[in-house]
$ cat run-v1.txt   # compact mmCIF, C-alpha atoms (C1' of nucleotides)
# COMPACT_ATOMS: atom_id res chain seq x y z
CA MET T 954 55.35 98.66 60.80
CA ASN T 955 56.98 96.15 63.07
CA LYS T 956 55.50 95.35 66.42
CA ILE T 957 57.54 96.98 69.15
CA PRO T 958 58.52 94.74 72.08
CA PHE T 959 57.04 95.57 75.46
CA PHE T 960 60.45 96.45 76.88
CA THR T 961 61.07 98.92 74.07
CA GLU T 962 57.67 100.51 74.42
CA LYS T 963 58.17 101.13 78.12
CA LEU T 964 61.69 102.42 77.58
CA LEU T 965 60.62 104.94 74.95
CA ASP T 966 57.77 105.97 77.21
CA TRP T 967 60.27 106.66 79.98
CA TYR T 968 62.76 108.52 77.82
CA GLN T 969 62.75 112.29 77.96
CA PRO T 970 65.38 113.51 75.51
CA ASP T 971 65.82 116.89 77.16
CA GLU T 972 66.48 115.52 80.62
CA ARG T 973 70.18 114.95 80.01
CA PRO T 974 71.24 117.52 77.43
CA LEU T 975 74.66 116.94 75.87
CA PRO T 976 76.29 118.71 72.92
CA TRP T 977 76.50 115.57 70.75
CA LYS T 978 72.80 114.83 71.12
CA ALA T 979 70.30 116.31 68.66
CA ILE T 980 72.97 116.79 66.03
CA LYS T 981 73.52 114.84 62.83
CA ASN T 982 77.09 115.86 61.99
CA PRO T 983 78.78 112.44 61.69
CA TYR T 984 82.21 113.90 62.47
CA PHE T 985 81.07 115.31 65.81
CA ILE T 986 79.17 112.14 66.65
CA TRP T 987 82.18 109.97 65.82
CA LEU T 988 84.43 112.26 67.86
CA SER T 989 82.13 112.06 70.87
CA GLU T 990 81.90 108.27 70.65
CA ILE T 991 85.66 107.79 70.53
CA ILE T 992 86.14 110.11 73.50
CA LEU T 993 83.44 108.33 75.48
CA GLN T 994 84.87 104.81 75.03
CA GLN T 995 85.40 103.51 78.57
CA THR T 996 85.07 107.08 79.74
CA ARG T 997 82.41 108.79 81.79
CA VAL T 998 80.45 111.61 80.17
CA GLN T 999 81.61 113.96 82.91
CA GLN T 1000 85.26 113.23 82.15
CA GLY T 1001 84.97 113.31 78.36
CA LEU T 1002 82.83 116.41 77.94
CA PRO T 1003 85.59 119.06 78.27
CA TYR T 1004 87.75 117.13 75.80
CA TYR T 1005 84.91 117.02 73.28
CA ILE T 1006 84.48 120.79 73.56
CA LYS T 1007 88.22 121.36 73.08
CA PHE T 1008 88.39 119.13 69.98
CA VAL T 1009 85.34 120.67 68.32
CA GLU T 1010 86.76 124.13 68.89
CA GLN T 1011 90.28 123.37 67.70
CA PHE T 1012 89.25 121.07 64.83
CA PRO T 1013 85.87 122.25 63.40
CA THR T 1014 86.05 119.75 60.53
CA ILE T 1015 87.51 116.28 60.16
CA THR T 1016 89.91 117.65 57.56
CA ASP T 1017 91.26 120.07 60.16
CA LEU T 1018 91.87 117.12 62.46
CA ALA T 1019 93.52 115.13 59.68
CA GLY T 1020 95.88 118.01 58.98
CA ALA T 1021 97.08 118.37 62.55
CA SER T 1022 100.36 116.89 63.75
CA GLN T 1023 100.27 113.81 65.96
CA ASP T 1024 101.81 115.84 68.79
CA GLU T 1025 98.97 118.36 68.53
CA VAL T 1026 96.33 115.64 68.74
CA PHE T 1027 98.04 113.96 71.67
CA LYS T 1028 98.45 117.24 73.51
CA LEU T 1029 94.71 117.81 73.27
CA TRP T 1030 94.08 114.21 74.42
CA GLU T 1031 96.56 114.50 77.30
CA GLY T 1032 95.10 113.25 80.58
CA LEU T 1033 92.19 111.33 79.06
CA GLY T 1034 93.91 107.94 78.93
CA TYR T 1035 93.79 105.03 76.48
CA TYR T 1036 96.00 106.97 74.10
CA SER T 1037 95.64 104.51 71.22
CA ARG T 1038 92.27 106.20 70.79
CA ALA T 1039 94.05 109.45 69.94
CA ARG T 1040 96.39 107.71 67.51
CA ASN T 1041 93.49 105.91 65.81
CA LEU T 1042 91.39 109.08 65.81
CA HIS T 1043 94.09 110.89 63.88
CA ALA T 1044 94.60 107.98 61.46
CA ALA T 1045 90.86 107.62 60.85
CA ALA T 1046 90.55 111.33 60.12
CA GLN T 1047 93.26 110.96 57.50
CA MET T 1048 91.47 107.91 56.07
CA VAL T 1049 88.31 109.99 55.65
CA ARG T 1050 90.28 112.83 54.10
CA ASP T 1051 92.22 110.60 51.70
CA ASP T 1052 89.76 107.81 50.87
CA TYR T 1053 86.43 109.65 51.15
CA ALA T 1054 87.43 113.17 50.06
CA GLY T 1055 86.79 114.42 53.57
CA VAL T 1056 83.17 113.23 53.61
CA PHE T 1057 82.42 110.90 56.51
CA PRO T 1058 81.31 107.45 55.24
CA SER T 1059 77.62 106.65 55.62
CA THR T 1060 77.35 102.86 55.63
CA TYR T 1061 77.94 100.56 58.59
CA PRO T 1062 80.73 98.50 56.99
CA GLU T 1063 82.64 101.60 55.95
CA ILE T 1064 82.26 103.20 59.37
CA ARG T 1065 83.24 99.96 61.12
CA ALA T 1066 86.41 99.79 59.01
CA LEU T 1067 87.75 103.07 60.41
CA LYS T 1068 90.57 102.67 62.91
CA GLY T 1069 89.36 102.69 66.49
CA VAL T 1070 85.75 101.99 65.50
CA GLY T 1071 84.45 98.66 66.79
CA GLU T 1072 80.95 97.19 66.83
CA TYR T 1073 79.59 99.51 69.47
CA THR T 1074 80.94 102.73 67.97
CA ALA T 1075 79.90 101.79 64.43
CA ALA T 1076 76.35 101.12 65.60
CA ALA T 1077 76.26 104.39 67.52
CA ILE T 1078 77.44 106.48 64.55
CA ALA T 1079 75.24 104.62 62.05
CA SER T 1080 72.13 105.14 64.16
CA PHE T 1081 72.74 108.64 65.51
CA ALA T 1082 74.08 110.22 62.32
CA TYR T 1083 72.25 108.23 59.63
CA ASP T 1084 69.24 106.63 61.38
CA LEU T 1085 70.42 103.18 60.36
CA PRO T 1086 68.94 100.24 62.32
CA TYR T 1087 71.93 99.07 64.39
CA ALA T 1088 71.51 98.45 68.11
CA VAL T 1089 74.29 99.63 70.41
CA VAL T 1090 75.69 97.23 72.99
CA ASP T 1091 77.78 99.03 75.57
CA GLY T 1092 78.25 98.69 79.31
CA ASN T 1093 74.86 100.29 79.95
CA VAL T 1094 73.09 97.89 77.62
CA TYR T 1095 74.76 94.82 79.17
CA ARG T 1096 73.61 95.97 82.58
CA VAL T 1097 70.04 96.84 81.64
CA LEU T 1098 69.40 93.70 79.59
CA SER T 1099 71.12 91.29 81.96
CA ARG T 1100 68.94 92.56 84.78
CA PHE T 1101 65.65 92.90 82.97
CA PHE T 1102 65.87 89.42 81.43
CA GLY T 1103 67.88 87.84 84.24
CA ILE T 1104 70.72 86.80 81.92
CA ASP T 1105 73.76 85.58 83.83
CA THR T 1106 75.92 84.65 80.85
CA PRO T 1107 79.23 86.43 81.47
CA ILE T 1108 79.38 89.54 79.29
CA ASP T 1109 83.12 89.21 78.67
CA THR T 1110 82.89 85.91 76.78
CA THR T 1111 82.20 85.19 73.13
CA ALA T 1112 78.93 83.47 73.98
CA GLY T 1113 77.83 86.35 76.17
CA LYS T 1114 78.59 88.99 73.56
CA LYS T 1115 76.62 87.04 70.97
CA GLU T 1116 73.64 86.48 73.25
CA PHE T 1117 73.37 90.14 74.24
CA ARG T 1118 73.84 91.31 70.66
CA LEU T 1119 70.97 89.08 69.48
CA ARG T 1120 68.77 90.31 72.29
CA ALA T 1121 69.63 93.94 71.58
CA ASP T 1122 68.79 93.52 67.90
CA GLU T 1123 65.34 92.12 68.80
CA LEU T 1124 64.61 95.04 71.10
CA LEU T 1125 65.73 97.79 68.75
CA ASP T 1126 62.98 100.07 67.52
CA ARG T 1127 63.90 99.82 63.86
CA ASN T 1128 61.74 102.80 62.98
CA ASN T 1129 63.58 104.98 65.42
CA PRO T 1130 67.03 103.52 66.12
CA ALA T 1131 68.64 106.79 67.21
CA VAL T 1132 66.07 107.54 69.89
CA TYR T 1133 66.01 103.93 71.09
CA ASN T 1134 69.80 103.75 71.41
CA GLN T 1135 69.93 107.04 73.29
CA ALA T 1136 67.12 105.93 75.54
CA ILE T 1137 68.60 102.61 76.64
CA MET T 1138 72.00 104.17 77.35
CA ASP T 1139 70.48 107.05 79.28
CA PHE T 1140 68.38 104.59 81.24
CA GLY T 1141 71.47 102.60 82.18
CA ALA T 1142 73.49 105.69 83.01
CA THR T 1143 70.92 107.46 85.15
CA HIS T 1144 68.50 104.82 86.42
CA CYS T 1145 69.71 101.23 86.11
CA THR T 1146 73.14 102.14 87.52
CA PRO T 1147 75.88 99.72 88.61
CA LYS T 1148 75.52 100.64 92.27
CA ALA T 1149 72.42 101.96 94.00
CA PRO T 1150 70.07 101.49 91.03
CA LYS T 1151 66.73 103.27 91.37
CA CYS T 1152 64.62 100.14 91.47
CA GLU T 1153 62.03 101.65 93.79
CA THR T 1154 60.91 104.12 91.15
CA CYS T 1155 61.63 101.93 88.12
CA LEU T 1156 58.97 101.57 85.45
CA HIS T 1157 60.30 98.09 84.67
CA GLN T 1158 60.07 96.85 88.26
CA LYS T 1159 57.21 94.43 87.65
CA GLN T 1160 58.80 92.86 84.59
CA CYS T 1161 62.43 92.98 85.71
CA VAL T 1162 63.60 89.42 86.39
CA ALA T 1163 66.54 90.56 88.49
CA PHE T 1164 64.32 92.69 90.71
CA ARG T 1165 61.74 89.94 91.17
CA GLU T 1166 64.43 87.41 92.04
CA ASN T 1167 66.52 89.84 94.09
CA ARG T 1168 69.52 89.46 91.78
CA VAL T 1169 69.99 93.09 90.74
CA MET T 1170 73.32 93.46 92.47
CA ASN T 1171 74.60 90.17 91.00
CA LEU T 1172 74.12 91.25 87.39
CA PRO T 1173 75.72 91.57 84.95
CA VAL T 1174 78.29 88.78 85.40
CA LYS T 1175 81.92 89.13 84.43
CA SER T 1176 84.18 86.10 84.30
CA LYS T 1177 87.62 87.59 84.10
CA LYS T 1178 89.42 89.16 86.96
CA ILE T 1179 92.31 91.42 86.13
CA LYS T 1180 95.72 91.02 87.67
CA LYS T 1181 97.89 93.99 88.41
CA ARG T 1182 101.65 94.14 88.43
CA SER T 1183 103.75 96.78 90.11
CA ARG T 1184 106.49 98.63 88.28
CA TYR T 1185 109.22 100.90 89.57
CA PHE T 1186 110.29 103.76 87.35
CA TYR T 1187 113.33 105.91 87.97
CA TYR T 1188 113.23 108.96 85.74
CA LEU T 1189 116.45 110.80 84.98
CA VAL T 1190 115.37 114.36 84.24
CA LEU T 1191 118.30 115.68 82.24
CA ASN T 1192 118.77 119.44 82.12
CA LYS T 1193 121.45 121.31 80.24
CA GLY T 1194 121.29 125.08 80.65
CA THR T 1195 117.81 126.16 79.59
CA LYS T 1196 117.15 122.86 77.84
CA ILE T 1197 115.57 119.61 78.94
CA TYR T 1198 115.76 116.11 77.42
CA LEU T 1199 112.57 114.31 76.50
CA ASN T 1200 111.93 110.76 75.37
CA LYS T 1201 109.11 109.80 72.99
CA ARG T 1202 107.78 106.46 74.17
CA SER T 1203 107.76 103.54 71.74
CA GLU T 1204 104.72 101.55 70.68
CA LYS T 1205 104.91 98.40 72.77
CA ASP T 1206 104.36 99.60 76.31
CA ILE T 1207 101.99 101.89 78.18
CA TRP T 1208 101.71 105.52 77.11
CA ALA T 1209 102.80 104.86 73.53
CA ASP T 1210 103.60 108.07 71.63
CA LEU T 1211 103.54 110.20 74.75
CA TYR T 1212 106.66 111.86 76.10
CA ASP T 1213 108.55 111.18 79.29
CA PHE T 1214 112.17 111.28 80.44
CA LEU T 1215 115.15 108.98 80.31
CA LEU T 1216 113.91 105.95 82.21
CA ILE T 1217 115.52 103.20 84.23
CA GLU T 1218 113.09 100.56 85.41
CA LEU T 1219 114.02 98.33 88.34
CA GLU T 1220 112.31 95.21 89.67
CA GLN T 1221 111.69 96.72 93.07
CA GLN T 1222 111.45 99.90 95.03
CA VAL T 1223 114.85 101.33 95.97
CA GLU T 1224 115.17 104.43 98.10
CA GLY T 1225 117.66 106.63 99.88
CA LEU T 1226 121.34 105.84 99.87
CA PHE T 1227 120.96 102.66 97.84
CA LEU T 1228 119.21 104.31 94.93
CA MET T 1229 122.03 105.90 92.95
CA ASP T 1230 124.20 102.86 93.53
CA ALA T 1231 121.51 100.59 92.09
CA LEU T 1232 120.98 102.82 89.09
CA GLN T 1233 124.67 103.11 88.27
CA LYS T 1234 124.97 99.34 88.17
CA THR T 1235 122.42 99.01 85.38
CA SER T 1236 123.46 98.45 81.78
CA HIS T 1237 121.30 101.42 80.80
CA TRP T 1238 123.32 103.75 82.95
CA LYS T 1239 126.61 102.45 81.63
CA THR T 1240 125.43 102.71 78.04
CA TRP T 1241 124.12 106.21 78.38
CA PHE T 1242 126.80 107.79 80.55
CA GLY T 1243 129.84 105.52 80.42
CA LYS T 1244 132.23 106.67 83.10
CA GLN T 1245 131.23 110.32 83.06
CA LYS T 1246 130.54 111.60 86.52
CA ILE T 1247 126.94 112.63 87.08
CA VAL T 1248 125.95 115.35 89.51
CA ILE T 1249 122.56 114.81 91.08
CA ASP T 1250 120.52 117.93 91.64
CA SER T 1251 117.58 116.50 93.55
CA ILE T 1252 115.63 113.31 94.11
CA SER T 1253 111.85 113.37 94.45
CA GLY T 1254 109.61 111.30 96.64
CA ILE T 1255 107.61 108.40 95.24
CA TYR T 1256 104.85 109.32 92.79
CA LYS T 1257 102.19 106.68 92.36
CA GLN T 1258 99.66 106.05 89.60
CA THR T 1259 97.15 103.28 89.17
CA LEU T 1260 96.50 101.98 85.66
CA SER T 1261 94.02 99.31 84.67
CA HIS T 1262 96.67 96.57 84.78
CA GLN T 1263 99.63 98.18 86.51
CA ASN T 1264 100.63 100.11 89.58
CA ILE T 1265 103.30 102.62 88.65
CA ASN T 1266 105.77 103.96 91.19
CA ALA T 1267 108.05 106.71 89.96
CA ILE T 1268 110.97 108.65 91.41
CA PHE T 1269 112.32 111.66 89.56
CA ILE T 1270 116.02 112.45 89.66
CA GLU T 1271 116.96 115.92 88.48
CA ILE T 1272 120.35 116.13 86.82
CA GLN T 1273 122.20 119.22 85.61
CA LEU T 1274 124.48 118.29 82.76
CA ASP T 1275 127.69 120.08 81.95
CA ALA T 1276 127.85 121.71 78.53
CA SER T 1277 130.30 119.10 77.31
CA PHE T 1278 128.18 116.22 78.48
CA PHE T 1279 127.11 113.53 76.06
CA VAL T 1280 124.21 111.09 76.37
CA GLU T 1281 124.37 108.02 74.17
CA ASN T 1282 120.70 107.71 73.22
CA LYS T 1283 119.37 108.58 69.79
CA ASP T 1284 115.73 108.55 70.89
CA LEU T 1285 116.05 111.60 73.11
CA ILE T 1286 115.07 115.03 71.91
CA VAL T 1287 116.35 118.25 73.43
CA ILE T 1288 113.97 121.17 73.80
CA GLU T 1289 113.81 124.52 75.52
CA ARG T 1290 112.26 123.92 78.91
CA LYS T 1291 109.70 126.69 78.36
CA LYS T 1292 108.32 124.76 75.39
CA ILE T 1293 107.53 121.70 77.49
CA LYS T 1294 103.84 122.64 77.47
CA ASN T 1295 103.64 121.69 73.79
CA PHE T 1296 104.26 118.02 74.58
CA ALA T 1297 101.83 115.44 75.92
CA PHE T 1298 102.86 113.53 79.05
CA PRO T 1299 101.34 110.76 81.16
CA LYS T 1300 99.48 111.96 84.23
CA ILE T 1301 102.21 110.90 86.61
CA ILE T 1302 104.65 113.17 84.75
CA THR T 1303 102.35 116.17 84.69
CA ASN T 1304 101.75 115.61 88.39
CA TYR T 1305 105.49 115.82 88.98
CA LEU T 1306 105.94 118.87 86.74
CA GLU T 1307 103.10 120.66 88.53
CA ALA T 1308 104.53 119.86 91.94
CA LYS T 1309 107.98 121.02 90.88
CA LYS T 1310 106.57 124.33 89.71
CA ALA T 1311 104.87 124.99 93.03
C1' DA Z 415 90.00 83.45 74.42
C1' DA Z 416 92.93 86.12 77.07
C1' DG Z 417 95.64 90.17 77.77
C1' DT Z 418 96.45 95.05 77.42
C1' DC Z 419 95.57 99.73 76.83
C1' DG Z 420 94.37 105.40 81.52
C1' DG Z 421 92.30 108.07 84.38
C1' DG Z 422 88.82 109.32 87.49
C1' DG Z 423 84.51 109.05 90.23
C1' DA Z 424 81.37 106.58 93.30
C1' DC Z 425 81.09 103.68 97.07
C1' DG M 1229 90.58 99.48 98.79
C1' DT M 1230 86.90 97.82 94.54
C1' DC M 1231 84.23 98.53 90.51
C1' DC M 1232 83.47 100.34 86.12
C1' DC M 1233 82.77 103.85 82.75
C1' DA M 1234 78.71 105.45 75.55
C1' DG M 1235 85.38 99.50 73.99
C1' DA M 1236 89.07 98.33 70.64
C1' DC M 1237 92.96 95.94 69.44
C1' DT M 1238 96.70 92.43 69.62
C1' DT M 1239 98.43 87.98 70.32
$ encode --input "run-v1.txt" --output "structure tokens"
Amino acid sequence: MNKIPFFTEKLLDWYQPDERPLPWKAIKNPYFIWLSEIILQQTRVQQGLPYYIKFVEQFPTITDLAGASQDEVFKLWEGLGYYSRARNLHAAAQMVRDDYAGVFPSTYPEIRALKGVGEYTAAAIASFAYDLPYAVVDGNVYRVLSRFFGIDTPIDTTAGKKEFRLRADELLDRNNPAVYNQAIMDFGATHCTPKAPKCETCLHQKQCVAFRENRVMNLPVKSKKIKKRSRYFYYLVLNKGTKIYLNKRSEKDIWADLYDFLLIELEQQVEGLFLMDALQKTSHWKTWFGKQKIVIDSISGIYKQTLSHQNINAIFIEIQLDASFFVENKDLIVIERKKIKNFAFPKIITNYLEAKKA
DNA sequence: AAGTCGGGGAC
DNA sequence: GTCCCAGACTT
């Protein structure tokens, strides 16, 4: 029996498993645990919970998920963001089906090798599903450890990641990795929070370096500051009778594998009388429409969406095409408008579609 | 090592 | 407005 560090002893003493009941706790099904961990990457429990419930209901086993179409998986993921998670989720399910006969792998290296599973997620699955001694290091853990030990090494550097990983491994209760990992994340999520941490009632107050030195609000440290660029999207919503044209987005940009409309992007915001003139001058317009005359049905106001690295500004231009009209673009698909609910769109598109309906 | 990938909630 | 959330991947 290893000696348990003081920090760990106090943490386990604090932890009350039933205080924050969640459907992926107190289960050992590795598929459900994996699913919950992917959904919760960079996502608050509150936001991810309804998605977890939907996935479990629609795909009771990982083989069910593997057998779904990509459009089905994306539709269920719609609105949650970071859509590469959905693509990797689907691919990993097929890996488990094809390489492991549908049985979720049970060793850390095998779990870590699944698409979309990094160090954190592999440790979480290994400990929660299989009681293997791997310490999780997520945003909660960075915050708790940086404060308790007064570590100001930036967490978004190679040195910082290594330092916190070593520290986390020392603190892990190797006899009870699942409970320890749950406890430290719950503590960070409910007690040692980013803003307004509950230091006054904290059991660690006397030993917490950050509290003693009045540095709680300065930890953890991040070195990088993100820069945002603004983009200006002009969506041509093509309608022909009861049909509508959709575009499936390619891999290189935001919203890969989601659907949107025919898009012209300009370097700046253009409004009012200048808009159609600016659009018709673009090479895109000339390629798609040639010299055919386009009749504009309506032009929306500016829809805005903030992404982690971009500010998106979008204007939607409704166009009714004549039956004889031809659009030179092989990537477009034409569907019945009433089937639009089967396709997954970025939030800014669903916002527009909702507003149009009303 | 730096950049990129969403969306929402708390302040 | 800013920060950051049960991070991972690409270049």
$ interface_residues --input "run-v1.txt" --of "chain M" --to "chain T" --cutoff "10 Å" --atoms "only C-alpha atoms (C1' of nucleotides)" --output "list in words"
DC1231, DC1232, DC1233, DA1234, DG1235, DA1236 and DC1237 of chain M
$ write_last_selection --input "run-v1.txt" --atoms "C-alpha atoms (C1' of nucleotides)" --output "PDB file, keeping the file's coordinate frame"
ATOM      1  C1'  DC M1231      84.230  98.530  90.510  1.00  0.00           C
ATOM      2  C1'  DC M1232      83.470 100.340  86.120  1.00  0.00           C
ATOM      3  C1'  DC M1233      82.770 103.850  82.750  1.00  0.00           C
ATOM      4  C1'  DA M1234      78.710 105.450  75.550  1.00  0.00           C
ATOM      5  C1'  DG M1235      85.380  99.500  73.990  1.00  0.00           C
ATOM      6  C1'  DA M1236      89.070  98.330  70.640  1.00  0.00           C
ATOM      7  C1'  DC M1237      92.960  95.940  69.440  1.00  0.00           C
TER       8       DC M1237
END
$ residues_near_point --input "run-v1.txt" --point "(110.9, 103.8, 89.3)" --cutoff "12 Å" --atoms "only C-alpha atoms (C1' of nucleotides)" --output "short mmCIF file (atom, residue, chain, number, x, y, z; two decimals) with C-alpha atoms, keeping the file's coordinate frame"
data_model
loop_
_atom_site.label_atom_id
_atom_site.label_comp_id
_atom_site.auth_asym_id
_atom_site.auth_seq_id
_atom_site.Cartn_x
_atom_site.Cartn_y
_atom_site.Cartn_z
CA SER T 1183 103.75 96.78 90.11
CA ARG T 1184 106.49 98.63 88.28
CA TYR T 1185 109.22 100.90 89.57
CA PHE T 1186 110.29 103.76 87.35
CA TYR T 1187 113.33 105.91 87.97
CA TYR T 1188 113.23 108.96 85.74
CA LEU T 1189 116.45 110.80 84.98
CA PHE T 1214 112.17 111.28 80.44
CA LEU T 1215 115.15 108.98 80.31
CA LEU T 1216 113.91 105.95 82.21
CA ILE T 1217 115.52 103.20 84.23
CA GLU T 1218 113.09 100.56 85.41
CA LEU T 1219 114.02 98.33 88.34
CA GLU T 1220 112.31 95.21 89.67
CA GLN T 1221 111.69 96.72 93.07
CA GLN T 1222 111.45 99.90 95.03
CA VAL T 1223 114.85 101.33 95.97
CA GLU T 1224 115.17 104.43 98.10
CA LEU T 1228 119.21 104.31 94.93
CA MET T 1229 122.03 105.90 92.95
CA ALA T 1231 121.51 100.59 92.09
CA LEU T 1232 120.98 102.82 89.09
CA ILE T 1252 115.63 113.31 94.11
CA SER T 1253 111.85 113.37 94.45
CA GLY T 1254 109.61 111.30 96.64
CA ILE T 1255 107.61 108.40 95.24
CA TYR T 1256 104.85 109.32 92.79
CA LYS T 1257 102.19 106.68 92.36
CA GLN T 1258 99.66 106.05 89.60
CA ASN T 1264 100.63 100.11 89.58
CA ILE T 1265 103.30 102.62 88.65
CA ASN T 1266 105.77 103.96 91.19
CA ALA T 1267 108.05 106.71 89.96
CA ILE T 1268 110.97 108.65 91.41
CA PHE T 1269 112.32 111.66 89.56
CA ILE T 1270 116.02 112.45 89.66
CA ILE T 1301 102.21 110.90 86.61
#
$ interface_residues --input "run-v1.txt" --of "chain T" --to "chain Z" --cutoff "8 Å" --atoms "only C-alpha atoms (C1' of nucleotides)" --output "PyMOL selection string"
chain T and resi 1000+1032-1037+1110+1148+1207+1260-1262
$ atom_distance --input "run-v1.txt" --atom1 "atom CA of T:Pro983" --atom2 "atom CA of T:Ala1044"
16.4 Å
$ atom_distance --input "run-v1.txt" --atom1 "atom CA of T:His1144" --atom2 "atom CA of T:Asn1171"
16.5 Å
$ atom_distance --input "run-v1.txt" --atom1 "atom CA of T:Ala1136" --atom2 "atom CA of T:Leu1119"
18.3 Å
$ residues_around --input "run-v1.txt" --residues "stretch 1055-1057 of chain T" --least-positions-apart "3" --cutoff "7 Å" --atoms "all atoms listed in the file" --output "PyMOL selection string"
chain T and resi 983-984+1015-1016+1049-1051
$ write_last_selection --input "run-v1.txt" --atoms "C-alpha atoms" --output "PDB file, in the frame of the given file"
ATOM      1  CA  PRO T 983      78.780 112.440  61.690  1.00  0.00           C
ATOM      2  CA  TYR T 984      82.210 113.900  62.470  1.00  0.00           C
ATOM      3  CA  ILE T1015      87.510 116.280  60.160  1.00  0.00           C
ATOM      4  CA  THR T1016      89.910 117.650  57.560  1.00  0.00           C
ATOM      5  CA  VAL T1049      88.310 109.990  55.650  1.00  0.00           C
ATOM      6  CA  ARG T1050      90.280 112.830  54.100  1.00  0.00           C
ATOM      7  CA  ASP T1051      92.220 110.600  51.700  1.00  0.00           C
TER       8      ASP T1051
END
$ build_atoms --input "run-v1.txt" --residues "stretch 1136-1149 of chain T" --atoms "N, CA and C atoms" --output "PDB file, in the coordinates of the input"
ATOM      1  N   ALA T1136      67.972 106.199  74.385  1.00  0.00           N
ATOM      2  CA  ALA T1136      67.120 105.930  75.540  1.00  0.00           C
ATOM      3  C   ALA T1136      67.698 104.825  76.417  1.00  0.00           C
ATOM      4  N   ILE T1137      68.146 103.738  75.813  1.00  0.00           N
ATOM      5  CA  ILE T1137      68.600 102.610  76.640  1.00  0.00           C
ATOM      6  C   ILE T1137      69.921 102.965  77.350  1.00  0.00           C
ATOM      7  N   MET T1138      70.754 103.775  76.690  1.00  0.00           N
ATOM      8  CA  MET T1138      72.000 104.170  77.350  1.00  0.00           C
ATOM      9  C   MET T1138      71.742 105.181  78.463  1.00  0.00           C
ATOM     10  N   ASP T1139      70.845 106.105  78.227  1.00  0.00           N
ATOM     11  CA  ASP T1139      70.480 107.050  79.280  1.00  0.00           C
ATOM     12  C   ASP T1139      69.852 106.328  80.475  1.00  0.00           C
ATOM     13  N   PHE T1140      69.029 105.343  80.165  1.00  0.00           N
ATOM     14  CA  PHE T1140      68.380 104.590  81.240  1.00  0.00           C
ATOM     15  C   PHE T1140      69.434 103.876  82.099  1.00  0.00           C
ATOM     16  N   GLY T1141      70.406 103.272  81.442  1.00  0.00           N
ATOM     17  CA  GLY T1141      71.470 102.600  82.180  1.00  0.00           C
ATOM     18  C   GLY T1141      72.345 103.565  82.958  1.00  0.00           C
ATOM     19  N   ALA T1142      72.571 104.729  82.384  1.00  0.00           N
ATOM     20  CA  ALA T1142      73.490 105.690  83.010  1.00  0.00           C
ATOM     21  C   ALA T1142      72.857 106.419  84.187  1.00  0.00           C
ATOM     22  N   THR T1143      71.547 106.636  84.118  1.00  0.00           N
ATOM     23  CA  THR T1143      70.920 107.460  85.150  1.00  0.00           C
ATOM     24  C   THR T1143      69.990 106.683  86.079  1.00  0.00           C
ATOM     25  N   HIS T1144      69.529 105.504  85.649  1.00  0.00           N
ATOM     26  CA  HIS T1144      68.500 104.820  86.420  1.00  0.00           C
ATOM     27  C   HIS T1144      68.941 103.414  86.832  1.00  0.00           C
ATOM     28  N   CYS T1145      69.280 102.613  85.840  1.00  0.00           N
ATOM     29  CA  CYS T1145      69.710 101.230  86.110  1.00  0.00           C
ATOM     30  C   CYS T1145      71.232 101.228  86.282  1.00  0.00           C
ATOM     31  N   THR T1146      71.713 101.900  87.324  1.00  0.00           N
ATOM     32  CA  THR T1146      73.140 102.140  87.520  1.00  0.00           C
ATOM     33  C   THR T1146      73.827 100.934  88.161  1.00  0.00           C
ATOM     34  N   PRO T1147      75.161 100.865  88.042  1.00  0.00           N
ATOM     35  CA  PRO T1147      75.880  99.720  88.610  1.00  0.00           C
ATOM     36  C   PRO T1147      75.622  99.561  90.107  1.00  0.00           C
ATOM     37  N   LYS T1148      75.769 100.672  90.823  1.00  0.00           N
ATOM     38  CA  LYS T1148      75.520 100.640  92.270  1.00  0.00           C
ATOM     39  C   LYS T1148      74.338 101.540  92.586  1.00  0.00           C
ATOM     40  N   ALA T1149      73.587 101.187  93.583  1.00  0.00           N
ATOM     41  CA  ALA T1149      72.420 101.960  94.000  1.00  0.00           C
ATOM     42  C   ALA T1149      71.477 102.271  92.840  1.00  0.00           C
TER      43      ALA T1149
END
